[in-house]
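Visitor: A single structure is presented below for examination.
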Amino acid sequence: MRRLHIFLLMILWLTSACDWFGKPHRGSGGDDEIVIGMAGPWSDLKFQGVLLKEGIMMAVEEINAKGGVLEKKIRMLEKDDEHSVNRGRLIAKDLAENNQIVAVIGHVDSYVSMATSAIYEFSGLLMLSPTSTDPQLTRQGFKYVFRNIPDDQEFGLKLAEYCKEQGFKRMVIYYVKNDYGRKMANSFERRVEERDVFIVDRLSYHEVTERNFRRVLTQWKERDFDAIMLIGSMPQSSTFIRQVRESGITVPIIASNSIDVPELPRLTGDAGNDIVIATTFHHKNTRAESNVFTRAFFQTYKQPPDAWAAQGYDAVKLLAGAIEQAQTTDPDKLAEALKNSEVWKGVTGPQKFDQNGDVTEKPVVFKIMNKGQFEFSREM
């Protein structure tokens, strides 16, 4: 009992020490800069052609060109978690112990964000993820954890509404067999059945080993359905799409944002027809902020921005706006500024944070691919 008492006192002391020594000194890296951590699998994203880092750095360069925030330039400290929970935790600990860091943009994978969020929370370091959609991330009662992307429940709801509007009556669901796939499939199935769309079949595939989907497709050719809901991973999803069309199945394929990557049209080739993706951005929408961003991004990087570039760009601008509003880099004041700010107009649309740290007011964007080209469809 005495040992337990001492252990609890040590935990209390460590927590108090973190609050006492850490929070007041956040941002004490110098008089001329504000340091923000940037955590994600950067080497792999570059290999995939995902433009999240480019969007982040473009926002930083724009802010610094105008004099920075509170007359200080922003500097990003990049850390590569390599999609690893263990490495993510080491990075989170390293960033949390660095009192120069005022906030962290990251992580990318929901499972890494979940594993690192407690470290940031109990270190008093604000975390803003532009890509993690696991609903549980912001259901932990944490003060400093935010995301500027709708969660899986919101995506599931909007996907269900879209399918209902399209007049689908019977659908099949195919999802990757991991935590994200199961949660997203559950969210979509529940919502779409509430709208009187019957799920004819629901199957999953192994994320690492599955390469041949023809046995499933042979079974489905004997079934009657209007559309396929694909909750997948890359590059397997592109293989699945090709084999769907090669099998003679021509119904629309509706997909979650997990396959919204620039390489998808190239990997699907001529099979990339009638593919609808729910995401947060398309560079051909009509929003003024988006058009200005798209032109500037193209001028800098010689290619249009993807949704991840827009998400990263907005994340930096949101943090900079919170620092400006709070007139400090203190994490308590930053969290308060984010949660109490008015609706903010970003390149991915209007957005506001609730008391959980979830983004609200933000539309889900639907884009459709035909002949290897994506076109803007609509927002919901």
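A note on labels: chains of the structure tokens are A, B, ... as shown, every chain counts residues from 1, and ligands are counted from 1 in their shown order.
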Give me, as CSV, the closest atom pair and its distance (Å, one decimal) for every residue of region 222-280 of chain A within a cut-off of 9 Å of region 297-307 of chain A, counting only C-alpha atoms, rows sorted by chain and rising number.

Guide:
```
residue,atom,partner,partner_atom,distance
A:Asp260,CA,A:Ala307,CA,7.6
A:Val261,CA,A:Asp306,CA,7.4
A:Pro262,CA,A:Asp306,CA,6.9
A:Thr279,CA,A:Ala307,CA,7.0
A:Thr280,CA,A:Ala307,CA,6.0
```

Visitor: Using only C-alpha atoms, which residues sit within 10 Å of region 90-105 of chain A once same-chain residues fewer than 6 positions away are excluded, as JSON, numbers by chain?

Guide: {"A": [18, 21, 22, 23, 24, 25, 26, 27, 28, 29, 30, 33, 34, 35, 36, 37, 38, 39, 40, 56, 75, 76, 77, 78, 79, 80, 81, 84, 113, 115, 116, 117, 118, 119, 120, 121, 122, 123, 124, 125, 126, 127, 128, 129, 130, 131, 144, 145, 146, 147, 312, 315, 316, 319, 323, 328, 329, 330, 331, 334]}

Visitor: Excluding region 343-349 of chain A and residues on its chain fewer than 5 positions from it, collect all residues at most 8 Å away from it, counting only C-alpha atoms, and give them as an NGL selection string.

Guide: :A and (280-281 or 287 or 289-290 or 293 or 310-311 or 314 or 361-363)

Visitor: So what do you get for CA of Lys53 (chain A) versus CA of Lys73 (chain A), distance-wise?

Guide: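 One can read the CA of Lys53 (chain A) to CA of Lys73 (chain A) distance as 18.0 Å.
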
Visitor: Each residue of region 91-130 of chain A lying at most 12 Å from region 172-179 of chain A should get a row with its shortest atom-to-atom pair and the distance in Å to one decimal, counting only C-alpha atoms; could you produce that, ordered by chain and increasing number, as JSON lines?

Guide:
```
{"residue": "A:Asp109", "atom": "CA", "partner": "A:Asp179", "partner_atom": "CA", "distance": 11.3}
{"residue": "A:Ser110", "atom": "CA", "partner": "A:Asp179", "partner_atom": "CA", "distance": 9.4}
{"residue": "A:Tyr111", "atom": "CA", "partner": "A:Asp179", "partner_atom": "CA", "distance": 8.3}
{"residue": "A:Met114", "atom": "CA", "partner": "A:Asp179", "partner_atom": "CA", "distance": 11.8}
```

Visitor: Please determine, counting only C-alpha atoms, which residue among A:Arg214, A:Lys367, A:His282, A:Lys143 has the shortest atom-to-atom distance to Trp308 (chain A).

Guide: A:His282

Visitor: Could you tell me, as number ranges by chain, which residues of region 30-279 of chain A DSSP assigns to helix (DSSP H, G or I) when given the backbone?

Guide: A: 42-48, 52-65, 85-96, 110-123, 135-138, 152-165, 179-194, 214-220, 236-246, 257-259, 264-271
